[in-house]
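Chemist: Sharing a structure, written as structure tokens. Questions coming.
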Amino acid sequence: MKRFGFGLVVAAGLSLAAFAVGPAMAQEETKAPVPDPAFEKQFQEGKKLEDGKWVLPDGTPTYDVKRDPANTDHVIQVDWFTYSGWRRYHAECHVCHGPNAEGSSFAPALHDSLKTMTYEKFLQVVSSGQERDVAGTKYIMPALGDNPNVMCYIDDLYIYLRARSTDALQGGRLSADQRAEKPKSAQEYEKSCTGG
């Protein structure tokens, strides 16, 4: 399976999210969602580390998130690709798809889209773009296949969004001390893809 795909994702048929938080909600203490073990299992079962990246038996890239068992809101460590995907998402995608992949008034919540979107569909939509008509409103996902800031990190973006879609990774900031070391294979791939 190729590490390099193309584009950014738009969810087919999913509702758009708004970001308004009312005063009552702002005062409530909220806990991050806990992953549903049955749902998350399909993205973790049989995974193995290949050349520094976690993959499923079919070769689909996946995440490795270690959370504190006593406080599931606290992420102890994420694999390099999840961390890189978080950084790339917030550099390239959040303007349309919202912080933490939670959507906006003009682009869907990728947190929701990736619950059902396959890796292959993700690559296709991001690289080639997509246009949808929802009740007379057109939503256009531009083709990003020629954008190296997206395409050189397409697996990283997918892995981060997959972790968000299962709630293995809650929204918010990741710090450098929460990431695993960058594998040599990732360093070499990045250098060959970006030319730097």
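Residue names in the structure tokens use chain letters A, B, ... in the order shown, residue numbers from 1 in each chain, and ligand numbers from 1 in the order shown.
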Taking the backbone alone, and naming residues the way the document does, which bits of region 34-142 of chain A are strand (DSSP E) by DSSP, as a VMD selection string?
Modeler: chain A and resid 48 to 50 53 to 55 65 to 68 71 to 78 130 to 134 137 to 141
Chemist: Among the residues of chain A, find those DSSP assigns to alpha helix (DSSP H) from the backbone and print them as an MDAnalysis selection string.
Modeler: chainID A and resid 23:27 37:41 80:92 94:97 110:113 119:128 148:151 154:165 184:194
Chemist: From the list A:Gly129, A:Pro61, A:Pro148, A:Pro183, which residue is nearest Arg162 (chain A) when using only C-alpha atoms?
Modeler: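 For Arg162 (chain A), the nearest of the candidates is A:Pro61.
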Chemist: Extract, using only C-alpha atoms, all DNA, RNA and protein residues at most 8 Å from Asn100 (chain A), discarding same-chain residues fewer than 6 positions from it, and format them as a list in words.
Modeler: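 In the requested format, the answer is His90, His94, His111, Arg164, Gly171 and Gly172 of chain A.
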Chemist: Those residues you just picked out, can you put them in a file as a PDB file, in the first residue's frame with N, CA, C and O atoms?
Modeler:
ATOM      1  N   HIS A  90      -3.943  21.212  11.793  1.00  0.00           N
ATOM      2  CA  HIS A  90      -4.136  22.573  12.289  1.00  0.00           C
ATOM      3  C   HIS A  90      -3.395  23.610  11.456  1.00  0.00           C
ATOM      4  O   HIS A  90      -3.692  24.800  11.544  1.00  0.00           O
ATOM      5  N   HIS A  94      -7.838  23.064   9.390  1.00  0.00           N
ATOM      6  CA  HIS A  94      -8.782  23.533  10.406  1.00  0.00           C
ATOM      7  C   HIS A  94      -9.518  24.808  10.015  1.00  0.00           C
ATOM      8  O   HIS A  94     -10.600  25.068  10.522  1.00  0.00           O
ATOM      9  N   HIS A 111     -14.240  14.662  12.303  1.00  0.00           N
ATOM     10  CA  HIS A 111     -14.367  13.771  13.471  1.00  0.00           C
ATOM     11  C   HIS A 111     -15.487  12.770  13.220  1.00  0.00           C
ATOM     12  O   HIS A 111     -15.375  11.599  13.565  1.00  0.00           O
ATOM     13  N   ARG A 164      -9.181  10.807  16.165  1.00  0.00           N
ATOM     14  CA  ARG A 164     -10.251  11.721  16.616  1.00  0.00           C
ATOM     15  C   ARG A 164     -11.621  11.065  16.427  1.00  0.00           C
ATOM     16  O   ARG A 164     -12.503  11.200  17.269  1.00  0.00           O
ATOM     17  N   GLY A 171     -10.103  16.341  21.530  1.00  0.00           N
ATOM     18  CA  GLY A 171      -9.672  17.589  20.926  1.00  0.00           C
ATOM     19  C   GLY A 171      -8.705  18.311  21.852  1.00  0.00           C
ATOM     20  O   GLY A 171      -8.590  17.989  23.026  1.00  0.00           O
ATOM     21  N   GLY A 172      -8.021  19.275  21.308  1.00  0.00           N
ATOM     22  CA  GLY A 172      -7.091  20.060  22.105  1.00  0.00           C
ATOM     23  C   GLY A 172      -5.670  19.916  21.621  1.00  0.00           C
ATOM     24  O   GLY A 172      -5.385  19.253  20.626  1.00  0.00           O
TER      25      GLY A 172
END
Chemist: Please identify all polymer residues within 12 Å of Leu49 (chain A), counting only C-alpha atoms, omitting same-chain residues fewer than 6 positions from it, and present them as a PyMOL selection string.
Modeler: chain A and resi 55-57+59-64+79-81+183
Chemist: For Asp177 (chain A), which residue among A:Gln77, A:Gln130, A:Thr72, A:Gln42 is the nearest when counting only C-alpha atoms?
Modeler: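 Of A:Gln77, A:Gln130, A:Thr72, A:Gln42, the one nearest Asp177 (chain A) is A:Gln77, counting only C-alpha atoms.
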Chemist: Using only C-alpha atoms, find the one residue out of A:Pro108, A:Gln44, A:Leu114, A:Gln178 that sits nearest to Met141 (chain A).
Modeler: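 Counting only C-alpha atoms, the residue closest to Met141 (chain A) is A:Pro108.
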